[in-house]
file run-v4.cif (mmCIF, C-alpha atoms, pLDDT in the B column; chains and numbers go by the auth columns)
data_run
#
loop_
_atom_site.group_PDB
_atom_site.id
_atom_site.type_symbol
_atom_site.label_atom_id
_atom_site.label_comp_id
_atom_site.label_asym_id
_atom_site.label_seq_id
_atom_site.Cartn_x
_atom_site.Cartn_y
_atom_site.Cartn_z
_atom_site.B_iso_or_equiv
_atom_site.auth_seq_id
_atom_site.auth_asym_id
ATOM 1 C CA MET A 1 87.902 5.141 -79.015 88.00 1 A
ATOM 2 C CA ILE A 2 86.674 8.045 -81.099 89.00 2 A
ATOM 3 C CA GLU A 3 88.921 11.083 -81.393 92.00 3 A
ATOM 4 C CA ILE A 4 87.740 14.265 -83.059 90.00 4 A
ATOM 5 C CA ILE A 5 89.239 17.714 -83.393 91.00 5 A
ATOM 6 C CA SER A 6 86.467 20.284 -83.169 92.00 6 A
ATOM 7 C CA HIS A 7 87.362 23.651 -84.671 90.00 7 A
ATOM 8 C CA GLY A 8 84.598 25.546 -82.917 88.00 8 A
ATOM 9 C CA GLU A 9 81.220 25.472 -81.256 90.00 9 A
ATOM 10 C CA SER A 10 79.314 24.551 -84.423 92.00 10 A
ATOM 11 C CA GLU A 11 81.410 21.391 -84.874 92.00 11 A
ATOM 12 C CA THR A 12 81.022 20.470 -81.201 94.00 12 A
ATOM 13 C CA ARG A 13 77.268 21.029 -81.469 93.00 13 A
ATOM 14 C CA ALA A 14 77.132 18.827 -84.586 93.00 14 A
ATOM 15 C CA LEU A 15 78.965 16.046 -82.717 92.00 15 A
ATOM 16 C CA ALA A 16 76.497 16.279 -79.819 93.00 16 A
ATOM 17 C CA GLU A 17 73.588 16.079 -82.279 93.00 17 A
ATOM 18 C CA LYS A 18 75.014 12.926 -83.853 91.00 18 A
ATOM 19 C CA ILE A 19 75.504 11.337 -80.436 91.00 19 A
ATOM 20 C CA ALA A 20 71.934 12.274 -79.472 92.00 20 A
ATOM 21 C CA GLU A 21 70.682 10.196 -82.405 89.00 21 A
ATOM 22 C CA ALA A 22 72.415 7.098 -81.011 88.00 22 A
ATOM 23 C CA VAL A 23 72.233 7.537 -77.241 89.00 23 A
ATOM 24 C CA VAL A 24 69.988 5.072 -75.403 91.00 24 A
ATOM 25 C CA PRO A 25 68.271 5.197 -72.009 94.00 25 A
ATOM 26 C CA GLY A 26 70.521 4.105 -69.168 93.00 26 A
ATOM 27 C CA THR A 27 73.614 5.746 -70.654 92.00 27 A
ATOM 28 C CA VAL A 28 76.021 7.417 -68.247 94.00 28 A
ATOM 29 C CA VAL A 29 78.408 9.944 -69.796 95.00 29 A
ATOM 30 C CA ASN A 30 81.375 11.201 -67.793 95.00 30 A
ATOM 31 C CA LEU A 31 82.623 14.584 -68.980 95.00 31 A
ATOM 32 C CA ILE A 32 86.267 15.269 -68.201 95.00 32 A
ATOM 33 C CA GLY A 33 88.260 18.425 -68.918 94.00 33 A
ATOM 34 C CA ASP A 34 89.762 21.550 -67.402 90.00 34 A
ATOM 35 C CA LEU A 35 87.723 24.601 -66.426 86.00 35 A
ATOM 36 C CA GLY A 36 86.432 26.224 -69.595 82.00 36 A
ATOM 37 C CA ALA A 37 87.180 23.228 -71.806 88.00 37 A
ATOM 38 C CA GLY A 38 83.572 22.967 -72.964 89.00 38 A
ATOM 39 C CA LYS A 39 81.933 20.323 -70.781 90.00 39 A
ATOM 40 C CA THR A 40 78.842 22.420 -70.080 90.00 40 A
ATOM 41 C CA PHE A 41 78.652 23.604 -73.701 92.00 41 A
ATOM 42 C CA PHE A 42 78.708 19.988 -74.879 94.00 42 A
ATOM 43 C CA THR A 43 76.077 19.070 -72.287 93.00 43 A
ATOM 44 C CA ALA A 44 73.851 21.932 -73.451 93.00 44 A
ATOM 45 C CA ALA A 45 74.208 20.889 -77.090 95.00 45 A
ATOM 46 C CA LEU A 46 73.436 17.246 -76.292 94.00 46 A
ATOM 47 C CA THR A 47 70.489 18.173 -74.072 94.00 47 A
ATOM 48 C CA ARG A 48 69.040 20.419 -76.783 94.00 48 A
ATOM 49 C CA ALA A 49 69.552 17.661 -79.388 94.00 49 A
ATOM 50 C CA LEU A 50 67.647 15.277 -77.110 94.00 50 A
ATOM 51 C CA GLY A 51 64.665 17.635 -77.280 92.00 51 A
ATOM 52 C CA ALA A 52 64.900 19.576 -74.023 91.00 52 A
ATOM 53 C CA ASP A 53 63.855 23.219 -74.344 86.00 53 A
ATOM 54 C CA ASP A 54 65.441 24.293 -71.066 78.00 54 A
ATOM 55 C CA THR A 55 68.429 26.585 -70.851 78.00 55 A
ATOM 56 C CA VAL A 56 71.267 24.381 -69.674 76.00 56 A
ATOM 57 C CA THR A 57 73.540 25.835 -67.032 71.00 57 A
ATOM 58 C CA SER A 58 76.236 24.248 -64.951 71.00 58 A
ATOM 59 C CA PRO A 59 74.668 22.961 -61.730 60.00 59 A
ATOM 60 C CA THR A 60 77.806 23.803 -59.754 59.00 60 A
ATOM 61 C CA PHE A 61 75.920 25.093 -56.717 61.00 61 A
ATOM 62 C CA GLY A 62 72.846 22.872 -56.996 65.00 62 A
ATOM 63 C CA LEU A 63 74.970 19.842 -57.952 82.00 63 A
ATOM 64 C CA MET A 64 72.281 18.495 -60.297 85.00 64 A
ATOM 65 C CA ASN A 65 69.737 19.685 -62.847 88.00 65 A
ATOM 66 C CA ILE A 66 67.030 17.594 -64.475 91.00 66 A
ATOM 67 C CA TYR A 67 65.941 18.245 -68.055 92.00 67 A
ATOM 68 C CA HIS A 68 63.147 16.611 -70.019 92.00 68 A
ATOM 69 C CA GLY A 69 63.664 15.710 -73.654 90.00 69 A
ATOM 70 C CA ARG A 70 62.878 12.437 -75.405 91.00 70 A
ATOM 71 C CA LEU A 71 64.083 10.917 -72.112 93.00 71 A
ATOM 72 C CA PRO A 72 64.975 12.382 -68.707 95.00 72 A
ATOM 73 C CA ILE A 73 68.437 13.932 -68.551 95.00 73 A
ATOM 74 C CA TYR A 74 70.297 14.165 -65.240 95.00 74 A
ATOM 75 C CA HIS A 75 73.127 16.694 -65.349 93.00 75 A
ATOM 76 C CA PHE A 76 75.617 16.593 -62.482 92.00 76 A
ATOM 77 C CA ASP A 77 78.533 18.873 -61.675 89.00 77 A
ATOM 78 C CA LEU A 78 80.838 17.399 -59.021 91.00 78 A
ATOM 79 C CA TYR A 79 83.357 20.257 -59.066 88.00 79 A
ATOM 80 C CA ARG A 80 82.509 21.695 -55.630 86.00 80 A
ATOM 81 C CA LEU A 81 82.210 18.381 -53.814 86.00 81 A
ATOM 82 C CA GLU A 82 85.047 17.568 -51.473 88.00 82 A
ATOM 83 C CA ARG A 83 84.151 14.055 -50.342 89.00 83 A
ATOM 84 C CA GLU A 84 82.674 11.077 -52.120 88.00 84 A
ATOM 85 C CA SER A 85 80.234 10.618 -49.238 88.00 85 A
ATOM 86 C CA GLU A 86 78.502 13.850 -50.331 87.00 86 A
ATOM 87 C CA LEU A 87 77.157 12.033 -53.399 88.00 87 A
ATOM 88 C CA GLU A 88 74.692 10.166 -51.202 86.00 88 A
ATOM 89 C CA ASP A 89 73.277 13.421 -49.840 84.00 89 A
ATOM 90 C CA PHE A 90 71.463 14.194 -53.086 82.00 90 A
ATOM 91 C CA GLY A 91 70.733 10.680 -54.368 85.00 91 A
ATOM 92 C CA PHE A 92 73.514 10.505 -56.958 90.00 92 A
ATOM 93 C CA TYR A 93 73.609 6.696 -57.040 91.00 93 A
ATOM 94 C CA GLU A 94 69.862 6.324 -57.566 93.00 94 A
ATOM 95 C CA TYR A 95 69.889 8.784 -60.442 93.00 95 A
ATOM 96 C CA VAL A 96 72.833 7.253 -62.319 92.00 96 A
ATOM 97 C CA GLU A 97 71.249 3.809 -62.025 93.00 97 A
ATOM 98 C CA ASP A 98 68.013 4.995 -63.687 94.00 98 A
ATOM 99 C CA GLU A 99 67.720 2.838 -66.817 93.00 99 A
ATOM 100 C CA ASP A 100 65.091 5.191 -68.290 95.00 100 A
ATOM 101 C CA ALA A 101 67.309 8.282 -68.309 96.00 101 A
ATOM 102 C CA ILE A 102 70.690 9.552 -69.414 96.00 102 A
ATOM 103 C CA SER A 103 73.186 10.890 -66.865 95.00 103 A
ATOM 104 C CA LEU A 104 75.788 13.512 -67.773 95.00 104 A
ATOM 105 C CA ILE A 105 78.456 13.930 -65.089 95.00 105 A
ATOM 106 C CA GLU A 106 80.876 16.855 -65.218 93.00 106 A
ATOM 107 C CA TRP A 107 84.077 16.393 -63.188 91.00 107 A
ATOM 108 C CA ALA A 108 83.401 12.651 -62.882 91.00 108 A
ATOM 109 C CA ASP A 109 87.124 12.045 -62.478 92.00 109 A
ATOM 110 C CA LYS A 110 86.986 13.500 -58.950 91.00 110 A
ATOM 111 C CA PHE A 111 85.369 10.325 -57.618 91.00 111 A
ATOM 112 C CA PRO A 112 86.216 7.445 -59.963 90.00 112 A
ATOM 113 C CA ASP A 113 85.284 4.777 -57.402 89.00 113 A
ATOM 114 C CA ALA A 114 81.742 6.156 -57.188 89.00 114 A
ATOM 115 C CA LEU A 115 81.014 5.741 -60.880 89.00 115 A
ATOM 116 C CA PRO A 116 78.923 2.909 -62.271 90.00 116 A
ATOM 117 C CA ASP A 117 80.733 0.132 -64.130 88.00 117 A
ATOM 118 C CA ASP A 118 79.158 1.059 -67.467 91.00 118 A
ATOM 119 C CA TYR A 119 79.856 4.553 -68.714 92.00 119 A
ATOM 120 C CA ILE A 120 81.204 6.429 -71.668 92.00 120 A
ATOM 121 C CA GLU A 121 83.900 9.001 -71.040 95.00 121 A
ATOM 122 C CA ILE A 122 84.098 12.166 -73.093 96.00 122 A
ATOM 123 C CA ARG A 123 87.362 13.995 -72.514 96.00 123 A
ATOM 124 C CA ILE A 124 87.526 17.538 -73.859 95.00 124 A
ATOM 125 C CA ASP A 125 90.907 19.267 -74.053 93.00 125 A
ATOM 126 C CA ARG A 126 91.924 22.635 -75.426 87.00 126 A
ATOM 127 C CA LEU A 127 94.575 22.489 -78.105 84.00 127 A
ATOM 128 C CA PRO A 128 97.826 24.307 -77.345 77.00 128 A
ATOM 129 C CA GLY A 129 98.425 27.575 -79.157 67.00 129 A
ATOM 130 C CA GLU A 130 97.401 31.184 -79.096 65.00 130 A
ATOM 131 C CA ASP A 131 95.904 32.070 -82.458 64.00 131 A
ATOM 132 C CA GLU A 132 92.128 32.443 -82.587 62.00 132 A
ATOM 133 C CA ALA A 133 91.486 29.270 -84.586 60.00 133 A
ATOM 134 C CA VAL A 134 93.367 27.175 -82.029 63.00 134 A
ATOM 135 C CA LEU A 135 91.744 28.938 -79.053 70.00 135 A
ATOM 136 C CA ASN A 136 88.340 27.700 -80.237 80.00 136 A
ATOM 137 C CA SER A 137 89.528 24.179 -81.081 87.00 137 A
ATOM 138 C CA ARG A 138 89.130 21.149 -78.851 91.00 138 A
ATOM 139 C CA ARG A 139 90.320 17.552 -78.915 93.00 139 A
ATOM 140 C CA ILE A 140 87.369 15.370 -77.979 95.00 140 A
ATOM 141 C CA ARG A 141 88.124 11.768 -77.077 95.00 141 A
ATOM 142 C CA ILE A 142 85.270 9.365 -76.459 93.00 142 A
ATOM 143 C CA SER A 143 85.940 5.979 -74.890 90.00 143 A
ATOM 144 C CA PRO A 144 84.044 3.256 -73.019 90.00 144 A
ATOM 145 C CA ALA A 145 84.703 2.317 -69.415 88.00 145 A
ATOM 146 C CA GLU A 146 87.439 -0.260 -69.233 86.00 146 A
ATOM 147 C CA GLY A 147 85.958 -3.751 -69.355 82.00 147 A
ATOM 148 C CA SER A 148 82.415 -2.543 -70.045 85.00 148 A
ATOM 149 C CA ARG A 149 80.846 -4.522 -72.875 88.00 149 A
ATOM 150 C CA ARG A 150 77.708 -2.412 -72.737 85.00 150 A
ATOM 151 C CA ALA A 151 79.605 0.878 -73.087 86.00 151 A
ATOM 152 C CA ALA A 152 81.826 -0.591 -75.826 85.00 152 A
ATOM 153 C CA ALA A 153 78.726 -1.678 -77.772 85.00 153 A
ATOM 154 C CA GLN A 154 77.202 1.788 -77.376 84.00 154 A
ATOM 155 C CA LEU A 155 80.388 3.395 -78.588 82.00 155 A
ATOM 156 C CA LYS A 156 80.278 1.251 -81.757 85.00 156 A
ATOM 157 C CA GLU A 157 76.828 2.730 -82.428 80.00 157 A
ATOM 158 C CA TRP A 158 78.206 6.208 -81.888 82.00 158 A
ATOM 159 C CA GLU A 159 81.131 5.541 -84.236 81.00 159 A
ATOM 160 C CA GLY A 160 78.657 4.900 -87.017 74.00 160 A
ATOM 161 C CA LYS A 161 77.148 8.340 -86.433 69.00 161 A
ATOM 162 C CA CYS A 162 80.311 10.344 -85.740 72.00 162 A
#
call {"tool": "encode", "arguments": {"input": "run-v4.cif", "output": "structure tokens"}}
result
Amino acid sequence: MIEIISHGESETRALAEKIAEAVVPGTVVNLIGDLGAGKTFFTAALTRALGADDTVTSPTFGLMNIYHGRLPIYHFDLYRLERESELEDFGFYEYVEDEDAISLIEWADKFPDALPDDYIEIRIDRLPGEDEAVLNSRRIRISPAEGSRRAAAQLKEWEGKC
């Protein structure tokens, strides 16, 4: 596991840029955190670092956005879904199994049984406190799916960059 304390957006952006250097096609990243924790900001920074020129927004109402950088990027937001069966309605499973793309899934913890076996989880949490420095700080924990050799190997690559 990698654990980093980011003291602001520039440090979070720098982390995303380092991960972009090491990410490989077929990677699935689950983004976990409360509302406003920074999941979409991290996604935007990673997408930009992967070469996409698009403005990244949360696909809360559309459920998914596709961006084109050095590889296709599928960005999902599962926040508004109520049932796992709704994932089939927009081809979720086909997209996350695309070995030529990267999938970024916000609110992946809503449907843990629907996730592929190989994924990397990025959990973003606000730090407790009320002063301005703490309000902009985040604890970012990056870990592989339990039992996934592929994700564990990818994370070792990321450790060398982070």
call {"tool": "atom_distance", "arguments": {"input": "run-v4.cif", "atom1": "CA of Pro72 in chain A", "atom2": "CA of Pro116 in chain A"}}
result
18.0 Å
call {"tool": "residues_near_point", "arguments": {"input": "run-v4.cif", "point": "(73.4, 13.4, -81.6)", "cutoff": "10 Å", "atoms": "all atoms listed in the file", "output": "list in words"}}
result
Arg13, Ala14, Leu15, Ala16, Glu17, Lys18, Ile19, Ala20, Glu21, Ala22, Val23, Ala45, Leu46, Thr47, Arg48, Ala49, Leu50, Trp158, Lys161 and Cys162 of chain A
call {"tool": "write_last_selection", "arguments": {"input": "run-v4.cif", "atoms": "C-alpha atoms", "output": "compact mmCIF listing (two decimals), keeping the file's coordinate frame"}}
result
# COMPACT_ATOMS: atom_id res chain seq x y z
CA ARG A 13 77.27 21.03 -81.47
CA ALA A 14 77.13 18.83 -84.59
CA LEU A 15 78.96 16.05 -82.72
CA ALA A 16 76.50 16.28 -79.82
CA GLU A 17 73.59 16.08 -82.28
CA LYS A 18 75.01 12.93 -83.85
CA ILE A 19 75.50 11.34 -80.44
CA ALA A 20 71.93 12.27 -79.47
CA GLU A 21 70.68 10.20 -82.40
CA ALA A 22 72.42 7.10 -81.01
CA VAL A 23 72.23 7.54 -77.24
CA ALA A 45 74.21 20.89 -77.09
CA LEU A 46 73.44 17.25 -76.29
CA THR A 47 70.49 18.17 -74.07
CA ARG A 48 69.04 20.42 -76.78
CA ALA A 49 69.55 17.66 -79.39
CA LEU A 50 67.65 15.28 -77.11
CA TRP A 158 78.21 6.21 -81.89
CA LYS A 161 77.15 8.34 -86.43
CA CYS A 162 80.31 10.34 -85.74
call {"tool": "resolve_selection", "arguments": {"input": "run-v4.cif", "expression": "the PyMOL selection byres ((chain A and resi 106) around 7)", "output": "list in words"}}
result
Asn30, Leu31, Ile32, Lys39, Phe76, Asp77, Leu78, Leu104, Ile105, Trp107 and Ala108 of chain A
call {"tool": "atom_distance", "arguments": {"input": "run-v4.cif", "atom1": "CA of Glu99 in chain A", "atom2": "CA of Thr40 in chain A"}}
result
22.8 Å
call {"tool": "atom_distance", "arguments": {"input": "run-v4.cif", "atom1": "CA of Phe42 in chain A", "atom2": "CA of Ser143 in chain A"}}
result
15.8 Å
call {"tool": "residues_near_point", "arguments": {"input": "run-v4.cif", "point": "(88.5, 14.0, -58.9)", "cutoff": "10 Å", "atoms": "only C-alpha atoms", "output": "ChimeraX atom specification"}}
result
/A:32,78-79,81-84,107-113
call {"tool": "resolve_selection", "arguments": {"input": "run-v4.cif", "expression": "the PyMOL selection byres ((chain A and resi 5-9) around 9)", "output": "MDAnalysis selection string"}}
result
chainID A and resid 3:4 10:15 38 41:42 127 133:141
call {"tool": "residues_around", "arguments": {"input": "run-v4.cif", "residues": "Ser103 in chain A", "least_positions_apart": "5", "cutoff": "12 Å", "atoms": "all atoms listed in the file", "output": "number ranges by chain"}}
result
A: 23-31, 43, 46-47, 64-68, 71-77, 92-98, 108, 115-116, 118-121
call {"tool": "closest_residue", "arguments": {"input": "run-v4.cif", "among": "A:Ala151, A:Met1, A:Ala145, A:Ala114", "to": "Ser85 in chain A", "atoms": "all atoms listed in the file"}}
result
A:Ala114
